[in-house]
$ cat final23.txt   # compact mmCIF, N, CA and C atoms
# COMPACT_ATOMS: atom_id res chain seq x y z
N MET A 1 35.64 7.19 38.89
CA MET A 1 34.98 7.62 37.67
C MET A 1 35.49 8.98 37.21
N ASN A 2 35.69 9.91 38.14
CA ASN A 2 36.18 11.23 37.76
C ASN A 2 37.58 11.16 37.17
N MET A 3 38.39 10.23 37.67
CA MET A 3 39.74 10.08 37.16
C MET A 3 39.73 9.67 35.68
N VAL A 4 38.75 8.87 35.30
CA VAL A 4 38.64 8.44 33.90
C VAL A 4 38.39 9.65 33.01
N PHE A 5 37.52 10.56 33.45
CA PHE A 5 37.23 11.76 32.65
C PHE A 5 38.46 12.66 32.56
N ILE A 6 39.21 12.75 33.63
CA ILE A 6 40.42 13.57 33.61
C ILE A 6 41.43 13.00 32.62
N VAL A 7 41.62 11.68 32.65
CA VAL A 7 42.55 11.03 31.72
C VAL A 7 42.06 11.20 30.28
N GLN A 8 40.76 11.02 30.04
CA GLN A 8 40.21 11.19 28.70
C GLN A 8 40.40 12.63 28.22
N PHE A 9 40.18 13.60 29.12
CA PHE A 9 40.36 15.01 28.77
C PHE A 9 41.82 15.28 28.39
N ILE A 10 42.75 14.81 29.21
CA ILE A 10 44.17 15.06 28.96
C ILE A 10 44.63 14.42 27.65
N LEU A 11 44.26 13.17 27.43
CA LEU A 11 44.70 12.48 26.21
C LEU A 11 44.10 13.11 24.95
N SER A 12 42.83 13.47 25.00
CA SER A 12 42.23 14.11 23.83
C SER A 12 42.77 15.52 23.63
N PHE A 13 43.11 16.19 24.73
CA PHE A 13 43.75 17.51 24.62
C PHE A 13 45.06 17.38 23.85
N PHE A 14 45.88 16.41 24.23
CA PHE A 14 47.17 16.24 23.56
C PHE A 14 47.02 15.77 22.12
N ALA A 15 45.98 15.01 21.82
CA ALA A 15 45.75 14.61 20.43
C ALA A 15 45.45 15.84 19.58
N SER A 16 44.54 16.68 20.03
CA SER A 16 44.20 17.89 19.28
C SER A 16 45.37 18.87 19.23
N PHE A 17 46.05 19.01 20.35
CA PHE A 17 47.22 19.89 20.44
C PHE A 17 48.29 19.44 19.45
N SER A 18 48.55 18.14 19.40
CA SER A 18 49.58 17.59 18.51
C SER A 18 49.21 17.78 17.04
N PHE A 19 47.95 17.60 16.71
CA PHE A 19 47.55 17.84 15.34
C PHE A 19 47.63 19.32 15.00
N GLY A 20 47.42 20.18 15.98
CA GLY A 20 47.62 21.61 15.76
C GLY A 20 49.06 21.92 15.38
N ILE A 21 49.99 21.23 16.01
CA ILE A 21 51.40 21.39 15.65
C ILE A 21 51.63 20.89 14.23
N MET A 22 51.05 19.73 13.90
CA MET A 22 51.21 19.17 12.55
C MET A 22 50.59 20.07 11.48
N PHE A 23 49.46 20.69 11.81
CA PHE A 23 48.78 21.57 10.86
C PHE A 23 49.40 22.96 10.82
N ASN A 24 50.41 23.17 11.67
CA ASN A 24 51.15 24.42 11.69
C ASN A 24 50.26 25.64 11.99
N ILE A 25 49.35 25.47 12.98
CA ILE A 25 48.54 26.61 13.37
C ILE A 25 49.39 27.52 14.26
N PRO A 26 49.00 28.78 14.43
CA PRO A 26 49.80 29.67 15.28
C PRO A 26 49.92 29.13 16.71
N ARG A 27 51.09 29.30 17.28
CA ARG A 27 51.36 28.75 18.61
C ARG A 27 50.40 29.25 19.67
N ARG A 28 49.95 30.48 19.53
CA ARG A 28 49.07 31.06 20.55
C ARG A 28 47.69 30.40 20.55
N HIS A 29 47.38 29.60 19.51
CA HIS A 29 46.08 28.93 19.43
C HIS A 29 46.15 27.44 19.74
N LEU A 30 47.34 26.92 20.04
CA LEU A 30 47.48 25.48 20.26
C LEU A 30 46.71 25.00 21.48
N VAL A 31 46.82 25.72 22.59
CA VAL A 31 46.13 25.30 23.82
C VAL A 31 44.62 25.36 23.62
N SER A 32 44.15 26.43 22.98
CA SER A 32 42.71 26.56 22.74
C SER A 32 42.20 25.44 21.82
N SER A 33 42.98 25.07 20.85
CA SER A 33 42.61 23.97 19.96
C SER A 33 42.56 22.65 20.73
N GLY A 34 43.51 22.46 21.62
CA GLY A 34 43.51 21.26 22.45
C GLY A 34 42.29 21.19 23.35
N ILE A 35 41.93 22.31 23.94
CA ILE A 35 40.74 22.36 24.81
C ILE A 35 39.48 22.09 24.00
N THR A 36 39.43 22.62 22.80
CA THR A 36 38.27 22.40 21.93
C THR A 36 38.08 20.90 21.66
N GLY A 37 39.14 20.23 21.29
CA GLY A 37 39.06 18.79 21.04
C GLY A 37 38.74 18.00 22.29
N ALA A 38 39.30 18.42 23.42
CA ALA A 38 39.06 17.71 24.67
C ALA A 38 37.60 17.83 25.10
N PHE A 39 37.00 19.01 24.96
CA PHE A 39 35.59 19.16 25.31
C PHE A 39 34.70 18.28 24.45
N GLY A 40 34.98 18.25 23.15
CA GLY A 40 34.19 17.41 22.26
C GLY A 40 34.31 15.94 22.61
N TRP A 41 35.55 15.48 22.85
CA TRP A 41 35.75 14.07 23.16
C TRP A 41 35.15 13.68 24.50
N VAL A 42 35.29 14.52 25.52
CA VAL A 42 34.73 14.20 26.83
C VAL A 42 33.20 14.13 26.75
N MET A 43 32.60 14.99 25.95
CA MET A 43 31.15 14.92 25.76
C MET A 43 30.77 13.61 25.09
N PHE A 44 31.51 13.22 24.06
CA PHE A 44 31.24 11.93 23.41
C PHE A 44 31.40 10.79 24.40
N TYR A 45 32.48 10.81 25.17
CA TYR A 45 32.74 9.74 26.13
C TYR A 45 31.65 9.67 27.18
N LEU A 46 31.23 10.81 27.66
CA LEU A 46 30.16 10.85 28.66
C LEU A 46 28.88 10.24 28.11
N LEU A 47 28.50 10.66 26.92
CA LEU A 47 27.24 10.18 26.34
C LEU A 47 27.31 8.71 25.92
N ASN A 48 28.40 8.31 25.28
CA ASN A 48 28.50 6.98 24.72
C ASN A 48 28.88 5.92 25.75
N GLN A 49 29.91 6.16 26.49
CA GLN A 49 30.43 5.14 27.41
C GLN A 49 29.73 5.15 28.76
N THR A 50 29.38 6.32 29.26
CA THR A 50 28.79 6.41 30.59
C THR A 50 27.28 6.23 30.55
N ILE A 51 26.61 6.95 29.66
CA ILE A 51 25.15 6.90 29.59
C ILE A 51 24.67 5.81 28.65
N GLY A 52 25.45 5.51 27.62
CA GLY A 52 25.11 4.43 26.69
C GLY A 52 24.34 4.88 25.47
N ILE A 53 24.44 6.13 25.11
CA ILE A 53 23.77 6.66 23.92
C ILE A 53 24.51 6.16 22.68
N ASP A 54 23.76 5.95 21.60
CA ASP A 54 24.30 5.45 20.34
C ASP A 54 25.43 6.33 19.81
N ASP A 55 26.35 5.74 19.04
CA ASP A 55 27.49 6.45 18.48
C ASP A 55 27.09 7.67 17.65
N LEU A 56 26.06 7.52 16.83
CA LEU A 56 25.65 8.62 15.95
C LEU A 56 25.21 9.85 16.74
N ILE A 57 24.35 9.64 17.70
CA ILE A 57 23.83 10.76 18.49
C ILE A 57 24.94 11.34 19.37
N ALA A 58 25.75 10.47 19.95
CA ALA A 58 26.84 10.94 20.81
C ALA A 58 27.84 11.77 20.01
N ASN A 59 28.17 11.34 18.80
CA ASN A 59 29.08 12.13 17.95
C ASN A 59 28.45 13.43 17.51
N PHE A 60 27.16 13.42 17.23
CA PHE A 60 26.45 14.64 16.84
C PHE A 60 26.50 15.67 17.97
N VAL A 61 26.17 15.26 19.17
CA VAL A 61 26.19 16.18 20.32
C VAL A 61 27.62 16.61 20.64
N ALA A 62 28.57 15.70 20.51
CA ALA A 62 29.97 16.05 20.74
C ALA A 62 30.45 17.07 19.71
N ALA A 63 30.01 16.93 18.46
CA ALA A 63 30.38 17.90 17.43
C ALA A 63 29.78 19.27 17.73
N ILE A 64 28.56 19.28 18.25
CA ILE A 64 27.94 20.54 18.64
C ILE A 64 28.74 21.18 19.78
N THR A 65 29.11 20.38 20.76
CA THR A 65 29.91 20.88 21.88
C THR A 65 31.26 21.41 21.41
N MET A 66 31.91 20.65 20.55
CA MET A 66 33.22 21.04 20.03
C MET A 66 33.12 22.32 19.22
N THR A 67 32.12 22.43 18.37
CA THR A 67 31.97 23.62 17.54
C THR A 67 31.60 24.84 18.38
N SER A 68 30.78 24.64 19.40
CA SER A 68 30.44 25.75 20.30
C SER A 68 31.68 26.26 21.02
N THR A 69 32.53 25.35 21.46
CA THR A 69 33.78 25.74 22.09
C THR A 69 34.68 26.47 21.09
N ALA A 70 34.73 25.98 19.87
CA ALA A 70 35.53 26.62 18.82
C ALA A 70 35.02 28.04 18.53
N ILE A 71 33.70 28.22 18.51
CA ILE A 71 33.13 29.55 18.30
C ILE A 71 33.51 30.48 19.44
N PHE A 72 33.48 29.96 20.66
CA PHE A 72 33.88 30.76 21.81
C PHE A 72 35.33 31.25 21.65
N PHE A 73 36.23 30.34 21.30
CA PHE A 73 37.63 30.73 21.13
C PHE A 73 37.83 31.64 19.91
N THR A 74 37.02 31.44 18.88
CA THR A 74 37.11 32.30 17.71
C THR A 74 36.80 33.75 18.07
N LYS A 75 35.74 33.94 18.84
CA LYS A 75 35.36 35.29 19.24
C LYS A 75 36.38 35.87 20.22
N ARG A 76 36.83 35.05 21.14
CA ARG A 76 37.74 35.53 22.19
C ARG A 76 39.13 35.85 21.66
N LEU A 77 39.63 35.03 20.74
CA LEU A 77 41.00 35.17 20.26
C LEU A 77 41.11 35.81 18.88
N GLN A 78 39.96 36.17 18.29
CA GLN A 78 39.95 36.79 16.97
C GLN A 78 40.73 35.96 15.95
N ALA A 79 40.37 34.70 15.85
CA ALA A 79 41.03 33.78 14.92
C ALA A 79 39.96 33.11 14.05
N PRO A 80 40.35 32.57 12.92
CA PRO A 80 39.37 31.87 12.08
C PRO A 80 38.84 30.61 12.77
N LEU A 81 37.58 30.33 12.54
CA LEU A 81 36.94 29.17 13.16
C LEU A 81 37.59 27.86 12.73
N ILE A 82 38.07 27.81 11.51
CA ILE A 82 38.64 26.57 10.97
C ILE A 82 39.85 26.10 11.77
N VAL A 83 40.57 27.02 12.39
CA VAL A 83 41.75 26.66 13.19
C VAL A 83 41.34 25.74 14.33
N PHE A 84 40.26 26.09 15.01
CA PHE A 84 39.84 25.33 16.18
C PHE A 84 39.01 24.11 15.81
N VAL A 85 38.18 24.22 14.78
CA VAL A 85 37.35 23.08 14.38
C VAL A 85 38.21 21.95 13.82
N THR A 86 39.19 22.29 13.01
CA THR A 86 40.04 21.25 12.41
C THR A 86 40.76 20.43 13.47
N CYS A 87 41.35 21.12 14.44
CA CYS A 87 42.08 20.40 15.49
C CYS A 87 41.12 19.72 16.46
N GLY A 88 40.00 20.37 16.75
CA GLY A 88 39.04 19.80 17.69
C GLY A 88 38.32 18.58 17.15
N LEU A 89 38.28 18.47 15.84
CA LEU A 89 37.60 17.36 15.19
C LEU A 89 38.37 16.04 15.31
N ILE A 90 39.66 16.12 15.48
CA ILE A 90 40.52 14.93 15.42
C ILE A 90 40.10 13.82 16.37
N PRO A 91 39.80 14.07 17.65
CA PRO A 91 39.43 12.95 18.52
C PRO A 91 38.11 12.26 18.12
N LEU A 92 37.25 12.97 17.40
CA LEU A 92 35.94 12.40 17.05
C LEU A 92 35.96 11.57 15.77
N VAL A 93 36.98 11.72 14.96
CA VAL A 93 37.03 11.04 13.66
C VAL A 93 36.97 9.52 13.87
N PRO A 94 36.07 8.83 13.14
CA PRO A 94 35.93 7.38 13.34
C PRO A 94 36.99 6.56 12.61
N GLY A 95 38.23 6.77 12.95
CA GLY A 95 39.33 6.06 12.30
C GLY A 95 39.33 4.58 12.57
N GLY A 96 38.89 4.19 13.76
CA GLY A 96 38.84 2.77 14.10
C GLY A 96 37.87 2.01 13.21
N LYS A 97 36.71 2.61 12.98
CA LYS A 97 35.71 1.96 12.11
C LYS A 97 36.22 1.88 10.67
N ALA A 98 36.88 2.92 10.19
CA ALA A 98 37.42 2.90 8.83
C ALA A 98 38.50 1.82 8.72
N TYR A 99 39.33 1.70 9.74
CA TYR A 99 40.37 0.66 9.75
C TYR A 99 39.73 -0.73 9.71
N GLU A 100 38.70 -0.95 10.54
CA GLU A 100 38.02 -2.24 10.56
C GLU A 100 37.43 -2.57 9.19
N SER A 101 36.91 -1.56 8.50
CA SER A 101 36.33 -1.77 7.18
C SER A 101 37.39 -2.21 6.17
N VAL A 102 38.52 -1.54 6.17
CA VAL A 102 39.60 -1.89 5.23
C VAL A 102 40.18 -3.27 5.58
N ARG A 103 40.31 -3.54 6.87
CA ARG A 103 40.83 -4.84 7.30
C ARG A 103 39.90 -5.97 6.85
N ALA A 104 38.59 -5.73 6.93
CA ALA A 104 37.63 -6.75 6.50
C ALA A 104 37.73 -7.00 5.00
N VAL A 105 38.01 -5.97 4.21
CA VAL A 105 38.19 -6.16 2.77
C VAL A 105 39.40 -7.03 2.51
N VAL A 106 40.50 -6.75 3.22
CA VAL A 106 41.72 -7.53 3.04
C VAL A 106 41.49 -8.99 3.40
N GLU A 107 40.62 -9.23 4.39
CA GLU A 107 40.33 -10.59 4.83
C GLU A 107 39.20 -11.23 4.02
N ASN A 108 38.76 -10.56 2.93
CA ASN A 108 37.69 -11.04 2.06
C ASN A 108 36.36 -11.20 2.79
N ASN A 109 36.13 -10.41 3.80
CA ASN A 109 34.86 -10.40 4.53
C ASN A 109 34.11 -9.14 4.12
N TYR A 110 33.45 -9.21 2.97
CA TYR A 110 32.88 -8.02 2.36
C TYR A 110 31.64 -7.51 3.08
N LEU A 111 30.85 -8.39 3.66
CA LEU A 111 29.68 -7.93 4.40
C LEU A 111 30.08 -7.11 5.63
N GLU A 112 31.07 -7.60 6.36
CA GLU A 112 31.55 -6.84 7.52
C GLU A 112 32.16 -5.52 7.07
N SER A 113 32.85 -5.53 5.94
CA SER A 113 33.45 -4.32 5.41
C SER A 113 32.38 -3.28 5.08
N LEU A 114 31.32 -3.72 4.43
CA LEU A 114 30.22 -2.80 4.11
C LEU A 114 29.59 -2.24 5.38
N GLU A 115 29.38 -3.11 6.35
CA GLU A 115 28.74 -2.67 7.60
C GLU A 115 29.59 -1.65 8.34
N THR A 116 30.85 -1.95 8.55
CA THR A 116 31.70 -1.02 9.30
C THR A 116 32.01 0.24 8.49
N GLY A 117 32.14 0.10 7.17
CA GLY A 117 32.35 1.27 6.33
C GLY A 117 31.14 2.20 6.35
N PHE A 118 29.95 1.61 6.32
CA PHE A 118 28.73 2.40 6.39
C PHE A 118 28.60 3.09 7.75
N GLN A 119 28.96 2.38 8.82
CA GLN A 119 28.94 3.00 10.15
C GLN A 119 29.90 4.17 10.22
N ALA A 120 31.10 4.01 9.67
CA ALA A 120 32.08 5.11 9.66
C ALA A 120 31.54 6.30 8.87
N ALA A 121 30.90 6.03 7.76
CA ALA A 121 30.34 7.11 6.94
C ALA A 121 29.21 7.83 7.68
N LEU A 122 28.35 7.07 8.35
CA LEU A 122 27.25 7.69 9.10
C LEU A 122 27.77 8.52 10.27
N ILE A 123 28.79 8.02 10.96
CA ILE A 123 29.37 8.78 12.07
C ILE A 123 30.00 10.06 11.54
N SER A 124 30.70 9.97 10.43
CA SER A 124 31.29 11.16 9.82
C SER A 124 30.22 12.16 9.43
N LEU A 125 29.13 11.67 8.90
CA LEU A 125 28.02 12.54 8.52
C LEU A 125 27.39 13.21 9.74
N SER A 126 27.25 12.47 10.84
CA SER A 126 26.66 13.06 12.04
C SER A 126 27.58 14.14 12.63
N ILE A 127 28.89 13.93 12.54
CA ILE A 127 29.84 14.94 13.00
C ILE A 127 29.73 16.19 12.12
N ALA A 128 29.70 15.98 10.81
CA ALA A 128 29.59 17.11 9.89
C ALA A 128 28.29 17.88 10.11
N MET A 129 27.20 17.17 10.33
CA MET A 129 25.92 17.84 10.57
C MET A 129 25.95 18.63 11.88
N GLY A 130 26.59 18.09 12.90
CA GLY A 130 26.72 18.83 14.16
C GLY A 130 27.48 20.12 13.98
N ILE A 131 28.55 20.07 13.20
CA ILE A 131 29.35 21.27 12.95
C ILE A 131 28.55 22.29 12.15
N ILE A 132 27.91 21.82 11.08
CA ILE A 132 27.17 22.72 10.19
C ILE A 132 25.99 23.37 10.91
N ILE A 133 25.22 22.58 11.63
CA ILE A 133 24.05 23.12 12.33
C ILE A 133 24.46 24.14 13.38
N THR A 134 25.52 23.85 14.12
CA THR A 134 25.98 24.79 15.14
C THR A 134 26.43 26.10 14.51
N GLU A 135 27.19 26.02 13.42
CA GLU A 135 27.63 27.24 12.74
C GLU A 135 26.46 28.02 12.17
N MET A 136 25.47 27.32 11.63
CA MET A 136 24.30 28.00 11.08
C MET A 136 23.51 28.71 12.17
N ILE A 137 23.31 28.06 13.29
CA ILE A 137 22.59 28.70 14.40
C ILE A 137 23.36 29.90 14.92
N TYR A 138 24.68 29.79 15.03
CA TYR A 138 25.50 30.91 15.47
C TYR A 138 25.37 32.09 14.50
N GLU A 139 25.47 31.83 13.21
CA GLU A 139 25.35 32.90 12.21
C GLU A 139 23.96 33.52 12.23
N LEU A 140 22.94 32.70 12.42
CA LEU A 140 21.57 33.21 12.49
C LEU A 140 21.41 34.17 13.66
N PHE A 141 21.87 33.76 14.84
CA PHE A 141 21.76 34.64 16.01
C PHE A 141 22.62 35.88 15.87
N LYS A 142 23.76 35.75 15.23
CA LYS A 142 24.62 36.91 15.00
C LYS A 142 23.93 37.91 14.08
N ASN A 143 23.28 37.42 13.04
CA ASN A 143 22.56 38.30 12.13
C ASN A 143 21.34 38.93 12.80
N ILE A 144 20.63 38.16 13.62
CA ILE A 144 19.48 38.72 14.34
C ILE A 144 19.95 39.82 15.28
N LYS A 145 21.03 39.58 16.00
CA LYS A 145 21.58 40.59 16.92
C LYS A 145 21.99 41.85 16.16
N LYS A 146 22.60 41.67 15.01
CA LYS A 146 23.04 42.80 14.19
C LYS A 146 21.84 43.62 13.73
N ARG A 147 20.77 42.94 13.31
CA ARG A 147 19.56 43.63 12.85
C ARG A 147 18.88 44.38 14.00
N ILE A 148 18.87 43.79 15.17
CA ILE A 148 18.24 44.44 16.32
C ILE A 148 19.02 45.70 16.70
N LEU A 149 20.35 45.63 16.65
CA LEU A 149 21.15 46.78 17.00
C LEU A 149 21.05 47.90 15.97
N GLU A 150 20.69 47.56 14.73
CA GLU A 150 20.51 48.58 13.70
C GLU A 150 19.24 49.40 13.92
N ILE A 151 18.29 48.82 14.59
CA ILE A 151 16.99 49.49 14.78
C ILE A 151 17.07 50.61 15.78
$ encode --input "final23.txt" --output "structure tokens"
Amino acid sequence: MNMVFIVQFILSFFASFSFGIMFNIPRRHLVSSGITGAFGWVMFYLLNQTIGIDDLIANFVAAITMTSTAIFFTKRLQAPLIVFVTCGLIPLVPGGKAYESVRAVVENNYLESLETGFQAALISLSIAMGIIITEMIYELFKNIKKRILEI
């Protein structure tokens, strides 16, 4: 079982790392971007495949994990958050569901297309909400800390 997590971590690391190269992010941030994506994907895999939690909730928690890791690297490396979130997001994107939806349209199976397209949209929304909520909580605590230090 542990070997599966190691393989999942390595493959998702290289997916995020490779997209970092494609997005032309600074070389010094490539490894951190890969780690960010790997943490998010391993959390999704743990929740969805091992524990059996629904895709929406697993993606939401994975997005929170990924964004928290991105915030850590942002503070540590003094880089924009978007560098790490963009690359870290890649393993979580529901490309398979979107492909199934388009394939169903081509095969004139419109009900299946609507179902899988709606699932892809909901998963994308849950990922976006995980990112937004995590960033909002981080900014809230940062502002509270700033106000306390002013006193």
$ atom_distance --input "final23.txt" --atom1 "CA of Cys87 in chain A" --atom2 "CA of Ala121 in chain A"
19.7 Å
$ select_by_dssp --input "final23.txt" --residues "chain A" --states "alpha helix (DSSP H)" --output "JSON, numbers by chain"
{"A": [2, 3, 4, 5, 6, 7, 8, 9, 10, 11, 12, 13, 14, 15, 16, 17, 18, 19, 20, 21, 22, 30, 31, 32, 33, 34, 35, 36, 37, 38, 39, 40, 41, 42, 43, 44, 45, 55, 56, 57, 58, 59, 60, 61, 62, 63, 64, 65, 66, 67, 68, 69, 70, 71, 72, 73, 74, 75, 76, 77, 81, 82, 83, 84, 85, 86, 87, 88, 89, 95, 96, 97, 98, 99, 100, 101, 102, 103, 104, 105, 106, 110, 111, 112, 113, 114, 115, 116, 117, 118, 119, 120, 121, 122, 123, 124, 125, 126, 127, 128, 129, 130, 131, 132, 133, 134, 135, 136, 137, 138, 139, 140, 141, 142, 143, 144, 145, 146, 147, 148, 149, 150]}
$ axis_aligned_box --input "final23.txt" --around "range 117-134 of chain A" --padding-each-side "3 Å" --output "lines of an AutoDock Vina configuration file"
center_x = 28.2
center_y = 13.1
center_z = 10.7
size_x = 14.3
size_y = 32.0
size_z = 14.8
$ closest_residue --input "final23.txt" --among "A:Glu100, A:Asp54, A:Glu135, A:Glu107" --to "Ser68 in chain A" --atoms "only N, CA and C atoms"
A:Glu135
$ residues_around --input "final23.txt" --residues "Met66 in chain A" --least-positions-apart "6" --cutoff "7 Å" --atoms "only C-alpha atoms" --output "number ranges by chain"
A: 36-37, 39-40, 88
$ write_last_selection --input "final23.txt" --atoms "N, CA and C atoms" --output "PDB file, in the frame of the given file"
ATOM      1  N   THR A  36      39.430  22.620  22.800  1.00  0.00           N
ATOM      2  CA  THR A  36      38.270  22.400  21.930  1.00  0.00           C
ATOM      3  C   THR A  36      38.080  20.900  21.660  1.00  0.00           C
ATOM      4  N   GLY A  37      39.140  20.230  21.290  1.00  0.00           N
ATOM      5  CA  GLY A  37      39.060  18.790  21.040  1.00  0.00           C
ATOM      6  C   GLY A  37      38.740  18.000  22.290  1.00  0.00           C
ATOM      7  N   PHE A  39      37.000  19.010  24.960  1.00  0.00           N
ATOM      8  CA  PHE A  39      35.590  19.160  25.310  1.00  0.00           C
ATOM      9  C   PHE A  39      34.700  18.280  24.450  1.00  0.00           C
ATOM     10  N   GLY A  40      34.980  18.250  23.150  1.00  0.00           N
ATOM     11  CA  GLY A  40      34.190  17.410  22.260  1.00  0.00           C
ATOM     12  C   GLY A  40      34.310  15.940  22.610  1.00  0.00           C
ATOM     13  N   GLY A  88      40.000  20.370  16.750  1.00  0.00           N
ATOM     14  CA  GLY A  88      39.040  19.800  17.690  1.00  0.00           C
ATOM     15  C   GLY A  88      38.320  18.580  17.150  1.00  0.00           C
TER      16      GLY A  88
END
$ closest_residue --input "final23.txt" --among "A:Ile123, A:Val4, A:Val85, A:Leu149" --to "Thr50 in chain A" --atoms "only C-alpha atoms"
A:Val4
$ residues_around --input "final23.txt" --residues "range 20-22 of chain A" --least-positions-apart "4" --cutoff "7 Å" --atoms "only C-alpha atoms" --output "VMD selection string"
chain A and resid 16 30 33 87
$ closest_residue --input "final23.txt" --among "A:Ala79, A:Ala38, A:Val61, A:Ile25" --to "Ile133 in chain A" --atoms "only C-alpha atoms"
A:Val61
$ closest_residue --input "final23.txt" --among "A:Ile64, A:Ile57, A:Ile35, A:Ile151" --to "Thr134 in chain A" --atoms "all atoms listed in the file"
A:Ile64
$ residues_near_point --input "final23.txt" --point "(43.9, 14.9, 22.4)" --cutoff "8 Å" --atoms "only N, CA and C atoms" --output "list in words"
Gln8, Phe9, Ile10, Leu11, Ser12, Phe13, Phe14, Ala15, Ser16, Phe17, Ser18, Phe19, Gly34, Ile35, Gly37, Ala38, Ile90 and Pro91 of chain A
$ atom_distance --input "final23.txt" --atom1 "CA of Ala98 in chain A" --atom2 "CA of Ile127 in chain A"
14.8 Å
$ closest_residue --input "final23.txt" --among "A:Gln49, A:Ser101, A:Ser32, A:Asn59" --to "Ala128 in chain A" --atoms "all atoms listed in the file"
A:Asn59
$ atom_distance --input "final23.txt" --atom1 "atom C of Phe118 in chain A" --atom2 "CA of Gly130 in chain A"
17.1 Å
$ closest_residue --input "final23.txt" --among "A:Ser126, A:Ala63, A:Ile71, A:Pro26" --to "Lys142 in chain A" --atoms "only C-alpha atoms"
A:Ile71
$ decode --input "final23.txt" --residues "range 131-136 of chain A" --atoms "all heavy atoms" --output "mmCIF file, in the first residue's frame"
data_model
loop_
_atom_site.group_PDB
_atom_site.id
_atom_site.type_symbol
_atom_site.label_atom_id
_atom_site.label_comp_id
_atom_site.auth_asym_id
_atom_site.auth_seq_id
_atom_site.Cartn_x
_atom_site.Cartn_y
_atom_site.Cartn_z
ATOM 1 N N ILE A 131 -9.584 26.332 -3.081
ATOM 2 C CA ILE A 131 -8.504 27.316 -3.244
ATOM 3 C C ILE A 131 -8.916 28.658 -2.650
ATOM 4 O O ILE A 131 -8.175 29.275 -1.880
ATOM 5 C CB ILE A 131 -8.127 27.461 -4.732
ATOM 6 C CG1 ILE A 131 -7.480 26.179 -5.238
ATOM 7 C CG2 ILE A 131 -7.199 28.652 -4.942
ATOM 8 C CD1 ILE A 131 -7.316 26.128 -6.748
ATOM 9 N N ILE A 132 -10.121 29.110 -2.988
ATOM 10 C CA ILE A 132 -10.582 30.422 -2.540
ATOM 11 C C ILE A 132 -10.724 30.472 -1.021
ATOM 12 O O ILE A 132 -10.281 31.422 -0.374
ATOM 13 C CB ILE A 132 -11.916 30.784 -3.231
ATOM 14 C CG1 ILE A 132 -11.673 31.034 -4.714
ATOM 15 C CG2 ILE A 132 -12.574 31.980 -2.572
ATOM 16 C CD1 ILE A 132 -12.936 31.116 -5.533
ATOM 17 N N ILE A 133 -11.339 29.465 -0.436
ATOM 18 C CA ILE A 133 -11.538 29.454 1.017
ATOM 19 C C ILE A 133 -10.209 29.428 1.752
ATOM 20 O O ILE A 133 -10.019 30.145 2.745
ATOM 21 C CB ILE A 133 -12.454 28.278 1.417
ATOM 22 C CG1 ILE A 133 -13.880 28.557 0.962
ATOM 23 C CG2 ILE A 133 -12.403 28.020 2.918
ATOM 24 C CD1 ILE A 133 -14.826 27.398 1.112
ATOM 25 N N THR A 134 -9.265 28.630 1.272
ATOM 26 C CA THR A 134 -7.960 28.571 1.918
ATOM 27 C C THR A 134 -7.248 29.913 1.851
ATOM 28 O O THR A 134 -6.681 30.382 2.849
ATOM 29 C CB THR A 134 -7.087 27.476 1.277
ATOM 30 O OG1 THR A 134 -7.803 26.243 1.307
ATOM 31 C CG2 THR A 134 -5.781 27.309 2.018
ATOM 32 N N GLU A 135 -7.279 30.553 0.686
ATOM 33 C CA GLU A 135 -6.650 31.869 0.553
ATOM 34 C C GLU A 135 -7.331 32.906 1.432
ATOM 35 O O GLU A 135 -6.672 33.753 2.038
ATOM 36 C CB GLU A 135 -6.665 32.323 -0.905
ATOM 37 C CG GLU A 135 -5.674 31.590 -1.771
ATOM 38 C CD GLU A 135 -5.592 32.197 -3.161
ATOM 39 O OE1 GLU A 135 -5.413 33.423 -3.264
ATOM 40 O OE2 GLU A 135 -5.716 31.434 -4.126
ATOM 41 N N MET A 136 -8.651 32.847 1.520
ATOM 42 C CA MET A 136 -9.374 33.805 2.358
ATOM 43 C C MET A 136 -9.034 33.623 3.834
ATOM 44 O O MET A 136 -8.825 34.608 4.555
ATOM 45 C CB MET A 136 -10.886 33.668 2.137
ATOM 46 C CG MET A 136 -11.350 34.197 0.805
ATOM 47 S SD MET A 136 -13.097 33.908 0.465
ATOM 48 C CE MET A 136 -13.871 34.677 1.853
#
